[in-house]
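input_3.cif follows; it contains mmCIF, C-alpha atoms and all ligand atoms.
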```cif
data_structure
loop_
_atom_site.label_atom_id
_atom_site.label_comp_id
_atom_site.auth_asym_id
_atom_site.auth_seq_id
_atom_site.Cartn_x
_atom_site.Cartn_y
_atom_site.Cartn_z
CA MET M 12 -2.34 -34.20 5.60
CA SER M 13 -4.55 -31.29 6.62
CA ASP M 14 -7.19 -30.05 4.26
CA THR M 15 -5.42 -26.69 3.83
CA HIS M 16 -2.09 -28.40 3.21
CA ALA M 17 -3.66 -30.54 0.48
CA ARG M 18 -5.12 -27.46 -1.17
CA PHE M 19 -1.77 -25.68 -1.05
CA ASP M 20 -0.02 -28.76 -2.42
CA ARG M 21 -2.39 -28.84 -5.34
CA ALA M 22 -2.00 -25.08 -5.94
CA GLN M 23 1.76 -25.47 -6.17
CA ARG M 24 1.53 -27.93 -9.04
CA HIS M 25 0.73 -25.28 -11.64
CA ILE M 26 1.20 -21.97 -9.83
CA PRO M 27 4.75 -20.89 -8.86
CA GLY M 28 4.82 -21.15 -5.07
CA GLY M 29 1.10 -21.80 -5.14
CA VAL M 30 0.33 -18.08 -5.18
CA ASN M 31 -0.21 -15.23 -7.59
CA SER M 32 1.68 -12.74 -5.40
CA PRO M 33 4.66 -13.84 -3.28
CA VAL M 34 3.86 -12.67 0.29
CA ARG M 35 0.63 -14.69 0.24
CA ALA M 36 2.71 -17.90 0.44
CA PHE M 37 3.55 -17.40 4.16
CA ARG M 38 7.28 -17.70 3.41
CA GLY M 39 7.95 -14.92 5.93
CA VAL M 40 6.20 -16.77 8.76
CA GLY M 41 6.17 -20.45 7.74
CA GLY M 42 3.21 -22.79 7.42
CA ASP M 43 0.45 -23.06 4.84
CA PRO M 44 -1.56 -20.02 3.78
CA LEU M 45 -5.28 -19.92 4.45
CA PHE M 46 -7.50 -20.50 1.45
CA ILE M 47 -10.34 -17.99 1.49
CA GLU M 48 -13.88 -18.96 0.57
CA ARG M 49 -15.60 -15.66 1.16
CA ALA M 50 -15.39 -12.57 3.30
CA ALA M 51 -17.86 -10.22 4.95
CA GLY M 52 -17.27 -7.10 7.03
CA ALA M 53 -14.21 -7.54 9.24
CA TYR M 54 -14.05 -11.32 8.69
CA LEU M 55 -12.40 -13.74 6.31
CA HIS M 56 -14.03 -17.16 6.05
CA ALA M 57 -11.45 -19.81 5.20
CA THR M 58 -11.78 -23.31 3.82
CA ASP M 59 -10.72 -24.68 7.23
CA GLY M 60 -14.22 -23.80 8.41
CA ARG M 61 -12.99 -20.98 10.66
CA ARG M 62 -13.48 -17.23 10.45
CA TYR M 63 -10.70 -14.73 11.07
CA ILE M 64 -10.74 -11.05 12.02
CA ASP M 65 -8.85 -9.57 9.10
CA TYR M 66 -6.22 -6.84 9.41
CA VAL M 67 -4.90 -7.24 5.87
CA GLY M 68 -7.99 -6.04 4.01
CA SER M 69 -6.68 -7.39 0.69
CA TRP M 70 -3.52 -5.33 1.43
CA GLY M 71 -5.40 -2.09 1.78
CA PRO M 72 -8.38 -1.71 -0.55
CA MET M 73 -11.11 -2.97 1.80
CA ILE M 74 -11.43 0.16 3.93
CA LEU M 75 -15.20 -0.43 4.20
CA GLY M 76 -14.71 -4.05 5.18
CA HIS M 77 -15.38 -6.97 2.87
CA ALA M 78 -18.38 -7.33 0.59
CA HIS M 79 -19.94 -4.02 1.63
CA PRO M 80 -23.59 -4.44 0.52
CA GLU M 81 -23.73 -1.09 -1.33
CA VAL M 82 -20.50 -1.74 -3.22
CA ILE M 83 -21.56 -5.25 -4.17
CA ALA M 84 -24.99 -4.05 -5.35
CA ALA M 85 -23.41 -1.30 -7.46
CA VAL M 86 -20.99 -3.75 -9.10
CA GLN M 87 -23.78 -6.25 -9.76
CA GLY M 88 -25.77 -3.48 -11.43
CA ALA M 89 -22.82 -2.46 -13.59
CA ALA M 90 -22.06 -6.08 -14.54
CA ALA M 91 -25.52 -6.43 -16.04
CA ASN M 92 -24.61 -3.67 -18.53
CA GLY M 93 -21.50 -5.41 -19.84
CA LEU M 94 -18.03 -6.09 -18.52
CA SER M 95 -15.79 -3.98 -20.76
CA PHE M 96 -16.20 -1.72 -23.79
CA GLY M 97 -12.75 -0.30 -24.55
CA ALA M 98 -14.45 3.00 -25.30
CA PRO M 99 -15.23 6.04 -23.13
CA THR M 100 -17.89 5.85 -20.44
CA GLU M 101 -19.27 8.61 -18.24
CA LEU M 102 -18.19 6.55 -15.23
CA GLU M 103 -14.58 7.40 -16.12
CA THR M 104 -15.34 11.12 -16.28
CA GLU M 105 -17.13 10.88 -12.95
CA MET M 106 -14.14 9.08 -11.42
CA ALA M 107 -11.65 11.64 -12.78
CA ASP M 108 -13.77 14.54 -11.50
CA ARG M 109 -14.07 12.98 -8.07
CA VAL M 110 -10.38 12.11 -7.71
CA CYS M 111 -9.25 15.58 -8.79
CA LYS M 112 -11.67 17.11 -6.29
CA LEU M 113 -10.51 14.91 -3.41
CA VAL M 114 -6.80 15.33 -4.24
CA PRO M 115 -6.33 18.97 -5.22
CA SER M 116 -2.72 18.55 -6.46
CA MET M 117 -4.17 16.46 -9.30
CA ASP M 118 -5.47 18.53 -12.22
CA MET M 119 -5.77 15.46 -14.44
CA VAL M 120 -5.72 11.72 -13.86
CA ARG M 121 -5.35 8.58 -15.94
CA MET M 122 -6.77 5.24 -14.79
CA VAL M 123 -4.73 2.03 -15.01
CA ASN M 124 -5.14 -1.51 -13.65
CA SER M 125 -2.71 -1.75 -10.73
CA GLY M 126 -0.41 0.24 -8.49
CA THR M 127 2.54 -1.12 -10.45
CA GLU M 128 1.18 0.31 -13.69
CA ALA M 129 0.54 3.63 -11.97
CA THR M 130 4.11 4.05 -10.68
CA MET M 131 5.71 2.67 -13.86
CA SER M 132 3.72 5.15 -15.95
CA ALA M 133 4.39 8.06 -13.59
CA ILE M 134 8.14 7.40 -13.77
CA ARG M 135 8.05 7.28 -17.58
CA LEU M 136 6.09 10.52 -17.63
CA ALA M 137 8.53 12.21 -15.25
CA ARG M 138 11.44 11.11 -17.42
CA GLY M 139 9.67 12.21 -20.59
CA PHE M 140 8.73 15.57 -19.11
CA THR M 141 12.15 16.42 -17.69
CA GLY M 142 14.29 14.73 -20.36
CA ARG M 143 16.31 13.15 -17.52
CA ASP M 144 16.98 9.47 -16.75
CA LYS M 145 17.86 9.20 -13.08
CA ILE M 146 15.27 8.60 -10.39
CA VAL M 147 15.50 8.61 -6.60
CA LYS M 148 13.68 6.10 -4.41
CA PHE M 149 14.10 5.08 -0.79
CA GLU M 150 15.32 1.87 0.79
CA GLY M 151 12.46 -0.31 2.06
CA CYS M 152 9.84 1.54 0.02
CA TYR M 153 7.92 -0.56 -2.48
CA HIS M 154 6.39 0.91 -5.59
CA GLY M 155 5.31 -2.22 -7.45
CA HIS M 156 7.45 -4.48 -9.58
CA ALA M 157 8.46 -2.35 -12.56
CA ASP M 158 12.16 -2.80 -13.43
CA SER M 159 13.40 0.63 -12.33
CA LEU M 160 11.69 0.27 -8.98
CA LEU M 161 12.86 -3.20 -7.93
CA VAL M 162 16.06 -1.84 -6.45
CA LYS M 163 16.36 -2.21 -2.67
CA ALA M 164 12.57 -2.68 -2.61
CA GLY M 165 10.33 -3.39 0.38
CA SER M 166 7.24 -5.62 0.81
CA GLY M 167 7.51 -9.14 -0.63
CA ALA M 168 10.89 -8.39 -2.20
CA LEU M 169 12.18 -7.66 1.31
CA THR M 170 10.33 -10.56 2.96
CA LEU M 171 11.85 -13.02 0.47
CA GLY M 172 15.30 -11.44 0.57
CA VAL M 173 15.35 -10.33 -3.07
CA PRO M 174 15.15 -6.53 -2.86
CA ASP M 175 17.32 -6.36 -6.00
CA SER M 176 15.60 -8.77 -8.36
CA PRO M 177 17.51 -10.76 -10.95
CA GLY M 178 16.14 -9.92 -14.38
CA VAL M 179 16.44 -6.18 -13.95
CA PRO M 180 19.11 -5.04 -16.44
CA ALA M 181 22.06 -3.35 -14.69
CA ALA M 182 21.91 -0.65 -17.36
CA LEU M 183 18.46 0.27 -16.08
CA ALA M 184 19.07 -0.20 -12.35
CA GLU M 185 22.05 2.18 -12.53
CA HIS M 186 19.62 5.05 -13.12
CA THR M 187 17.87 4.33 -9.80
CA LEU M 188 19.48 5.99 -6.80
CA THR M 189 18.31 4.43 -3.54
CA LEU M 190 18.62 6.53 -0.42
CA PRO M 191 17.73 6.01 3.25
CA TYR M 192 14.14 6.96 4.13
CA ASN M 193 13.76 9.88 6.53
CA ASP M 194 17.35 11.00 5.91
CA LEU M 195 17.12 14.41 4.25
CA ASP M 196 20.87 15.01 4.49
CA ALA M 197 21.50 11.97 2.30
CA VAL M 198 19.05 13.31 -0.28
CA ALA M 199 20.61 16.79 -0.23
CA GLU M 200 24.04 15.24 -0.68
CA ALA M 201 22.88 13.18 -3.69
CA PHE M 202 21.28 16.24 -5.26
CA ALA M 203 24.46 18.26 -4.75
CA ARG M 204 26.25 15.63 -6.84
CA VAL M 205 23.76 14.81 -9.60
CA GLY M 206 20.59 16.85 -8.92
CA GLY M 207 20.50 18.19 -12.49
CA GLN M 208 20.16 14.65 -13.84
CA ILE M 209 17.33 13.50 -11.56
CA ALA M 210 13.92 13.28 -13.22
CA CYS M 211 11.97 12.53 -10.07
CA ILE M 212 11.89 11.46 -6.48
CA ILE M 213 9.30 8.75 -5.83
CA VAL M 214 8.40 8.30 -2.20
CA GLU M 215 5.76 6.67 -0.04
CA PRO M 216 4.74 9.71 2.04
CA VAL M 217 4.10 7.23 4.84
CA ALA M 218 6.26 4.16 4.23
CA GLY M 219 3.99 1.13 4.38
CA ASN M 220 6.10 -1.64 2.91
CA MET M 221 8.65 -2.02 5.71
CA GLY M 222 5.95 -2.08 8.34
CA CYS M 223 4.50 1.38 8.83
CA VAL M 224 7.09 4.15 9.11
CA PRO M 225 5.80 7.74 9.15
CA PRO M 226 7.87 10.60 7.73
CA VAL M 227 9.88 12.49 10.35
CA PRO M 228 8.98 16.18 10.59
CA GLY M 229 10.63 18.12 7.77
CA PHE M 230 11.41 15.12 5.54
CA LEU M 231 8.62 15.56 2.99
CA GLU M 232 8.96 19.35 3.15
CA GLY M 233 12.69 19.00 2.46
CA LEU M 234 12.06 16.75 -0.55
CA ARG M 235 9.66 19.36 -1.95
CA THR M 236 12.26 22.12 -1.54
CA LEU M 237 15.05 20.09 -3.17
CA CYS M 238 12.80 19.13 -6.10
CA ASP M 239 11.90 22.77 -6.66
CA ARG M 240 15.53 23.82 -6.55
CA TYR M 241 16.71 21.22 -9.08
CA GLY M 242 13.71 21.06 -11.45
CA THR M 243 12.99 17.50 -10.31
CA LEU M 244 9.43 16.18 -10.07
CA LEU M 245 8.15 14.96 -6.70
CA ILE M 246 5.99 11.83 -6.98
CA PHE M 247 3.99 10.76 -3.95
CA ASP M 248 3.19 7.08 -4.23
CA GLU M 249 -0.15 7.07 -2.43
CA VAL M 250 -1.21 3.62 -3.65
CA MET M 251 -1.46 2.62 0.02
CA THR M 252 -2.00 5.95 1.80
CA GLY M 253 -4.44 7.48 -0.70
CA PHE M 254 -7.94 7.82 0.76
CA ARG M 255 -6.72 5.89 3.84
CA VAL M 256 -4.66 8.12 6.13
CA ALA M 257 -7.07 10.96 5.22
CA LEU M 258 -9.67 11.42 2.49
CA GLY M 259 -7.14 13.54 0.57
CA GLY M 260 -4.30 11.10 1.32
CA ALA M 261 -0.98 11.76 3.03
CA GLN M 262 -0.52 14.96 1.04
CA ALA M 263 -3.60 16.39 2.75
CA LEU M 264 -2.48 15.12 6.14
CA TYR M 265 0.98 16.67 5.90
CA GLY M 266 0.10 19.63 3.68
CA ILE M 267 2.62 18.96 0.88
CA GLN M 268 1.82 19.21 -2.84
CA PRO M 269 3.56 16.65 -5.03
CA ASP M 270 3.83 17.14 -8.81
CA LEU M 271 2.47 13.67 -9.51
CA THR M 272 0.50 11.20 -7.39
CA THR M 273 0.01 7.48 -7.86
CA LEU M 274 -3.07 5.74 -6.49
CA GLY M 275 -4.37 2.19 -6.22
CA LYS M 276 -6.08 -0.12 -3.73
CA ILE M 277 -8.99 1.93 -2.26
CA ILE M 278 -9.65 3.75 -5.55
CA GLY M 279 -10.77 0.40 -6.98
CA GLY M 280 -12.80 -0.71 -3.96
CA GLY M 281 -11.32 -4.21 -4.32
CA MET M 282 -11.29 -4.36 -8.12
CA PRO M 283 -7.97 -4.21 -10.03
CA VAL M 284 -7.36 -0.46 -10.38
CA GLY M 285 -4.59 2.10 -10.19
CA ALA M 286 -4.32 5.73 -11.25
CA PHE M 287 -1.73 8.43 -11.71
CA GLY M 288 -2.17 12.13 -12.11
CA GLY M 289 -0.94 15.57 -11.22
CA ARG M 290 -0.14 18.93 -12.71
CA ARG M 291 -1.86 19.68 -16.02
CA GLU M 292 1.28 20.66 -17.96
CA ILE M 293 2.88 17.33 -17.03
CA MET M 294 -0.19 15.17 -17.68
CA GLU M 295 -0.66 16.84 -21.09
CA GLN M 296 2.56 15.16 -22.19
CA LEU M 297 0.68 11.84 -22.24
CA ALA M 298 -0.60 10.27 -25.46
CA PRO M 299 -2.83 11.21 -27.25
CA LEU M 300 -2.09 14.85 -26.26
CA GLY M 301 1.68 14.43 -26.01
CA PRO M 302 4.49 12.05 -26.91
CA VAL M 303 4.77 9.97 -23.70
CA TYR M 304 3.05 6.67 -24.46
CA GLN M 305 0.78 4.83 -22.03
CA ALA M 306 -2.32 2.71 -22.67
CA GLY M 307 -4.51 -0.17 -21.41
CA THR M 308 -7.12 -2.52 -22.91
CA LEU M 309 -9.10 -2.69 -19.65
CA SER M 310 -8.17 0.71 -18.19
CA GLY M 311 -11.19 2.55 -16.79
CA ASN M 312 -13.12 -0.72 -16.70
CA PRO M 313 -16.79 -0.03 -15.84
CA LEU M 314 -16.99 -2.55 -12.98
CA ALA M 315 -13.79 -1.23 -11.46
CA MET M 316 -14.94 2.39 -11.80
CA THR M 317 -18.26 1.51 -10.19
CA ALA M 318 -16.68 -0.24 -7.21
CA GLY M 319 -14.23 2.62 -6.77
CA LEU M 320 -16.80 5.39 -7.10
CA LYS M 321 -19.14 3.78 -4.57
CA THR M 322 -16.25 3.26 -2.16
CA LEU M 323 -15.08 6.87 -2.50
CA GLU M 324 -18.64 8.06 -1.98
CA LEU M 325 -19.10 6.06 1.22
CA ILE M 326 -15.75 7.00 2.76
CA GLY M 327 -16.53 10.66 2.01
CA ALA M 328 -19.18 10.64 4.75
CA PRO M 329 -18.44 13.27 7.42
CA GLY M 330 -16.28 11.90 10.23
CA PHE M 331 -15.47 8.63 8.45
CA HIS M 332 -11.69 8.92 8.72
CA GLU M 333 -11.80 10.40 12.21
CA ARG M 334 -13.79 7.40 13.47
CA LEU M 335 -11.50 4.95 11.70
CA THR M 336 -8.39 6.62 13.13
CA GLU M 337 -9.97 6.53 16.59
CA THR M 338 -10.78 2.80 16.30
CA THR M 339 -7.22 2.12 15.16
CA ALA M 340 -5.79 4.16 18.04
CA ARG M 341 -7.87 2.17 20.52
CA LEU M 342 -6.55 -1.07 19.08
CA MET M 343 -2.95 0.19 19.12
CA HIS M 344 -3.21 1.37 22.71
CA GLY M 345 -4.63 -2.01 23.72
CA LEU M 346 -1.82 -3.85 21.94
CA GLU M 347 0.79 -1.71 23.70
CA VAL M 348 -0.77 -2.44 27.09
CA ALA M 349 -1.05 -6.17 26.35
CA ALA M 350 2.58 -6.36 25.21
CA ALA M 351 3.81 -4.45 28.26
CA GLU M 352 1.84 -6.73 30.61
CA ALA M 353 3.49 -9.74 29.01
CA GLY M 354 6.92 -8.13 29.16
CA VAL M 355 7.28 -8.11 25.37
CA ALA M 356 9.09 -5.10 23.89
CA VAL M 357 7.15 -3.63 20.96
CA ARG M 358 6.99 -0.31 19.18
CA ILE M 359 3.87 0.65 17.31
CA ASN M 360 3.57 3.22 14.53
CA GLN M 361 0.14 4.40 13.44
CA VAL M 362 -0.99 6.87 10.81
CA GLY M 363 -4.76 6.96 10.38
CA ALA M 364 -6.03 3.43 9.82
CA MET M 365 -2.59 2.06 8.96
CA PHE M 366 -0.24 0.56 11.53
CA GLY M 367 3.06 -1.23 12.05
CA LEU M 368 3.91 -3.52 14.97
CA PHE M 369 7.66 -3.91 15.57
CA PHE M 370 9.27 -6.31 18.00
CA THR M 371 12.08 -4.11 19.27
CA ASP M 372 13.10 -2.16 22.35
CA ALA M 373 14.45 0.71 20.25
CA PRO M 374 12.89 4.00 21.36
CA ALA M 375 11.44 4.63 17.88
CA VAL M 376 11.27 3.03 14.44
CA THR M 377 11.93 5.75 11.85
CA ARG M 378 14.59 4.26 9.58
CA PHE M 379 14.95 1.15 7.46
CA ALA M 380 17.85 0.10 9.72
CA ASP M 381 15.49 0.25 12.73
CA VAL M 382 13.07 -2.04 10.92
CA MET M 383 15.79 -4.51 10.03
CA ALA M 384 16.95 -4.61 13.67
CA CYS M 385 13.53 -5.94 14.79
CA ASP M 386 13.02 -9.50 15.95
CA ALA M 387 11.41 -11.20 12.94
CA ASP M 388 11.33 -14.54 14.74
CA ARG M 389 9.23 -13.11 17.54
CA PHE M 390 6.90 -11.63 14.95
CA ARG M 391 6.55 -15.09 13.41
CA LEU M 392 5.57 -16.60 16.76
CA PHE M 393 3.13 -13.78 17.46
CA PHE M 394 1.63 -14.09 13.97
CA HIS M 395 0.93 -17.80 14.46
CA GLY M 396 -0.37 -17.22 17.98
CA MET M 397 -2.86 -14.71 16.61
CA LEU M 398 -3.78 -16.92 13.67
CA ASP M 399 -4.57 -19.77 16.06
CA GLU M 400 -6.76 -17.30 17.95
CA GLY M 401 -8.63 -16.38 14.76
CA VAL M 402 -6.91 -13.08 13.97
CA TYR M 403 -5.34 -12.66 10.54
CA LEU M 404 -2.34 -10.31 10.44
CA ALA M 405 -0.18 -9.74 7.37
CA PRO M 406 2.08 -12.82 7.07
CA SER M 407 5.30 -10.80 7.14
CA ALA M 408 7.09 -8.58 9.65
CA TYR M 409 7.52 -5.99 6.88
CA GLU M 410 3.93 -5.14 6.02
CA SER M 411 1.47 -2.59 7.38
CA GLY M 412 -1.79 -3.59 9.02
CA PHE M 413 -5.10 -2.03 8.05
CA VAL M 414 -8.29 -1.38 10.01
CA SER M 415 -11.65 -1.02 8.24
CA SER M 416 -14.90 0.66 9.18
CA ALA M 417 -16.35 -2.82 9.70
CA HIS M 418 -14.05 -3.33 12.70
CA GLY M 419 -16.32 -2.50 15.61
CA GLU M 420 -16.06 -2.72 19.37
CA THR M 421 -16.65 -6.51 19.27
CA GLU M 422 -13.76 -7.14 16.87
CA ILE M 423 -11.36 -4.79 18.67
CA GLU M 424 -12.11 -6.38 22.06
CA ALA M 425 -11.76 -9.89 20.65
CA THR M 426 -8.46 -8.96 18.98
CA LEU M 427 -7.08 -7.53 22.23
CA ALA M 428 -8.11 -10.59 24.23
CA SER M 429 -6.32 -12.74 21.65
CA ALA M 430 -3.27 -10.49 21.71
CA GLN M 431 -3.01 -10.80 25.51
CA ARG M 432 -2.77 -14.58 25.17
CA ALA M 433 -0.46 -14.45 22.13
CA PHE M 434 1.93 -11.98 23.81
CA ALA M 435 1.87 -14.01 27.05
CA ALA M 436 2.88 -17.12 25.10
CA ILE M 437 6.02 -15.44 23.74
CA GLY M 438 6.81 -13.21 26.76
N1 LIG J 1 3.00 1.33 -4.39
C1 LIG J 1 2.75 1.07 -3.11
C2 LIG J 1 3.04 2.11 -2.07
C3 LIG J 1 2.22 -0.17 -2.73
O1 LIG J 1 1.99 -0.43 -1.44
C4 LIG J 1 1.96 -1.14 -3.73
C5 LIG J 1 1.38 -2.50 -3.41
N2 LIG J 1 1.33 -2.89 -2.12
C6 LIG J 1 2.23 -0.81 -5.06
C7 LIG J 1 2.74 0.44 -5.36
C8 LIG J 1 1.96 -1.79 -6.16
O2 LIG J 1 0.61 -1.95 -6.36
P1 LIG J 1 0.04 -3.27 -7.07
O3 LIG J 1 0.33 -4.39 -6.15
O4 LIG J 1 -1.41 -2.97 -7.24
O5 LIG J 1 0.74 -3.38 -8.38
#
```
What does this structure look like when you write it as structure tokens?
Amino acid sequence: MSDTHARFDRAQRHIPGGVNSPVRAFRGVGGDPLFIERAAGAYLHATDGRRYIDYVGSWGPMILGHAHPEVIAAVQGAAANGLSFGAPTELETEMADRVCKLVPSMDMVRMVNSGTEATMSAIRLARGFTGRDKIVKFEGCYHGHADSLLVKAGSGALTLGVPDSPGVPAALAEHTLTLPYNDLDAVAEAFARVGGQIACIIVEPVAGNMGCVPPVPGFLEGLRTLCDRYGTLLIFDEVMTGFRVALGGAQALYGIQPDLTTLGKIIGGGMPVGAFGGRREIMEQLAPLGPVYQAGTLSGNPLAMTAGLKTLELIGAPGFHERLTETTARLMHGLEVAAAEAGVAVRINQVGAMFGLFFTDAPAVTRFADVMACDADRFRLFFHGMLDEGVYLAPSAYESGFVSSAHGETEIEATLASAQRAFAAIG
């Protein structure tokens, strides 16, 4: 029995599936997951004694690479002052000021502890504000695991084949309308039927939980127009895209103002953090100002605020996102060339430092149906080929990849050399 297998065996004794979040278990690709000892820059160091170039980045937060010395020093400094107070700190004010400056559609923001909490709270607020029950989401989008949102969900729910989870009461799920992503006609048709009952549309402005699927031109604009016409709130779930595809998130990139925004991942710099915010008149409905209840023992935690603030400061350096986008584009171009040389049909989508690699000969991947038509078995073979080479991709065909500022020329070249061999092996 290999060392990793023994560790995974032991983990499974008292942890369901051996993991604390499903996709980590490698069910989508087979085999045992790596156990990570530590990480630095672009590399994960696993208990098998090997190091891996990492394109998961803890599923998005590690945009500066792992264990960035300035982030670690800031967190160590904060830890010396105490781990949690459950009372206001100036760090929280600083964080709110910074987020509202970087994301101008947000007049006010409330910190929570995960992306799931952020979207769950934003939905409750939208329902409370509008007095309506129905919500619209899109097939293949993932917004965390709150009941209303686990209907035709992406990410791990999709990987494991349970997009509609048991345990979600039908009485609740019936208020969630799920529509095809990038299909504005379908949305217009739904609004023509029940628009007056829809509290909000929640959308990933770049879908990142069915691989990476950018919005087609006019889609986000059309959602904004429909929401305005029917008095429905538009929620951009920027848990993944926020501070990644641009400093101001996807809303800055595409020039659309949502009513509410949810954030996570990068805003915590690797600590457990989420946030939601938006227009003042909506946010003022939250307790203690208004009647919509929402709270958290550890919300605004000083270590989490410190890690997030330092991360936001560092990624605010001039040219940061341009360089990251450029590095990602170089990697994507190299992957396309390598695949073509090996005779393997792939389509690649990239938005900023976020990418999706699809094994398909379809001319473009813009819809959930396009994603589902891809060759998941080929992805599995490619994933293991790359893992053997020392490159760690997300262990599912339905996840986005992420590049960090710690990925330099050396890592990109090494990744492309590995990809040439991995594509050749499955060509
Ligand atoms: N929304 C989006 C767009 C996400 O990608 C995720 C997580 N990948 C979530 C919400 C949920 O965040 P968390 O896992 O922190 O609860």
(request) Give the residues close to ligand LIG 1 (chain J), within 8 Å, counting all atoms listed in the file; write them as JSON, numbers by chain. (result) {"M": [70, 71, 124, 125, 126, 127, 128, 129, 130, 152, 153, 154, 155, 156, 166, 215, 218, 219, 220, 248, 249, 250, 251, 252, 273, 274, 275, 276, 283, 284, 285]}
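Restricting the calculation to all atoms listed in the file, the smallest distance between Thr308 of chain M and any of M:Leu244, M:Ala98, M:Ala210, M:Ile47 is found for M:Ala98.
With all atoms listed in the file as the basis for measurement, M:Ile277 is the residue among M:Ile246, M:Ala350, M:Ile277, M:Ala89 that approaches Leu75 of chain M most closely.
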Would you compute the box with edges along x, y and z of the file around segment 140-143 of chain M, including every atom the file lists for it and 5 Å extra on each side, and give its centre and edge lengths in Å to one decimal, as JSON?
```
{"center_x": 12.5, "center_y": 14.8, "center_z": -18.9, "size_x": 17.6, "size_y": 13.3, "size_z": 12.8}
```
(request) Calculate how many Å separate atom CA of Glu185 of chain M from atom CA of Arg290 of chain M, rounding to one decimal. (result) 27.8 Å
(request) Write out as a ChimeraX atom specification each polymer residue whose atoms come within 7 Å of segment 411-413 of chain M, counting only C-alpha atoms; drop sequence neighbours fewer than 6 positions from it. (result) /M:66-68,71,219-220,222-223,364-367,404-405
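You can rank M:Asp59, M:Thr100, M:Ser429, M:Ile212 by their closest distance to Glu400 of chain M using all atoms listed in the file, and at the top of that list sits M:Ser429.
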(message) So that I can check the surroundings of Ala428 of chain M, please list as number ranges by chain every protein, DNA and RNA residue that reaches within 12 Å of it, counting only C-alpha atoms and ignoring chain neighbours fewer than 2 positions away.
(response) M: 342, 345-346, 348-350, 396-397, 400-402, 421-426, 430-435
What would the file look like if the residues just selected were written as an mmCIF file, keeping the file's coordinate frame with C-alpha atoms?
```cif
data_model
loop_
_atom_site.group_PDB
_atom_site.id
_atom_site.type_symbol
_atom_site.label_atom_id
_atom_site.label_comp_id
_atom_site.auth_asym_id
_atom_site.auth_seq_id
_atom_site.Cartn_x
_atom_site.Cartn_y
_atom_site.Cartn_z
ATOM 1 C CA LEU M 342 -6.550 -1.070 19.080
ATOM 2 C CA GLY M 345 -4.630 -2.010 23.720
ATOM 3 C CA LEU M 346 -1.820 -3.850 21.940
ATOM 4 C CA VAL M 348 -0.770 -2.440 27.090
ATOM 5 C CA ALA M 349 -1.050 -6.170 26.350
ATOM 6 C CA ALA M 350 2.580 -6.360 25.210
ATOM 7 C CA GLY M 396 -0.370 -17.220 17.980
ATOM 8 C CA MET M 397 -2.860 -14.710 16.610
ATOM 9 C CA GLU M 400 -6.760 -17.300 17.950
ATOM 10 C CA GLY M 401 -8.630 -16.380 14.760
ATOM 11 C CA VAL M 402 -6.910 -13.080 13.970
ATOM 12 C CA THR M 421 -16.650 -6.510 19.270
ATOM 13 C CA GLU M 422 -13.760 -7.140 16.870
ATOM 14 C CA ILE M 423 -11.360 -4.790 18.670
ATOM 15 C CA GLU M 424 -12.110 -6.380 22.060
ATOM 16 C CA ALA M 425 -11.760 -9.890 20.650
ATOM 17 C CA THR M 426 -8.460 -8.960 18.980
ATOM 18 C CA ALA M 430 -3.270 -10.490 21.710
ATOM 19 C CA GLN M 431 -3.010 -10.800 25.510
ATOM 20 C CA ARG M 432 -2.770 -14.580 25.170
ATOM 21 C CA ALA M 433 -0.460 -14.450 22.130
ATOM 22 C CA PHE M 434 1.930 -11.980 23.810
ATOM 23 C CA ALA M 435 1.870 -14.010 27.050
#
```
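Shortest atom-to-atom contact with Leu169 of chain M among M:Leu323, M:Val256, M:Met221, M:Val114: M:Met221, counting all atoms listed in the file.
Note that the spacing between atom CA of Glu150 of chain M and atom CA of Val214 of chain M amounts to 9.9 Å.
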(request) Can you pull out every residue within 7 Å of Ala157 of chain M, counting all atoms listed in the file, but drop anything in the same chain fewer than 3 positions away, and send it as a PyMOL selection string? (result) chain M and resi 127+131+160-161
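For the pair atom CA of Phe247 of chain M and atom CA of Gly289 of chain M, the separation is 10.0 Å.
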(message) Report as a PyMOL selection string all protein, DNA and RNA residues lying within 7 Å of Asp175 of chain M, evaluated on all atoms listed in the file, omitting residues in the same chain fewer than 2 positions from it.
(response) chain M and resi 161-164+173+177
Expected file: the selected residues, C-alpha atoms, as a compact mmCIF listing (two decimals), keeping the file's coordinate frame:
```txt
# COMPACT_ATOMS: atom_id res chain seq x y z
CA LEU M 161 12.86 -3.20 -7.93
CA VAL M 162 16.06 -1.84 -6.45
CA LYS M 163 16.36 -2.21 -2.67
CA ALA M 164 12.57 -2.68 -2.61
CA VAL M 173 15.35 -10.33 -3.07
CA PRO M 177 17.51 -10.76 -10.95
```
I'd like a table as a Markdown table: residues in segment 318-427 of chain M with an atom no more than 12 Å from segment 32-35 of chain M, each row giving the shortest atom pair and its distance in Å to one decimal, only C-alpha atoms counted, sorted by chain and rising residue number.
```
| residue | atom | partner | partner_atom | distance |
| --- | --- | --- | --- | --- |
| M:Leu404 | CA | M:Arg35 | CA | 11.5 |
| M:Ala405 | CA | M:Val34 | CA | 8.7 |
| M:Pro406 | CA | M:Val34 | CA | 7.0 |
| M:Ser407 | CA | M:Val34 | CA | 7.2 |
| M:Ala408 | CA | M:Val34 | CA | 10.7 |
| M:Tyr409 | CA | M:Val34 | CA | 10.1 |
| M:Glu410 | CA | M:Val34 | CA | 9.5 |
```
Write to file, as a compact mmCIF listing (two decimals), in the coordinates of the input, the residues of the selection just made, with C-alpha atoms.
```txt
# COMPACT_ATOMS: atom_id res chain seq x y z
CA LEU M 404 -2.34 -10.31 10.44
CA ALA M 405 -0.18 -9.74 7.37
CA PRO M 406 2.08 -12.82 7.07
CA SER M 407 5.30 -10.80 7.14
CA ALA M 408 7.09 -8.58 9.65
CA TYR M 409 7.52 -5.99 6.88
CA GLU M 410 3.93 -5.14 6.02
```
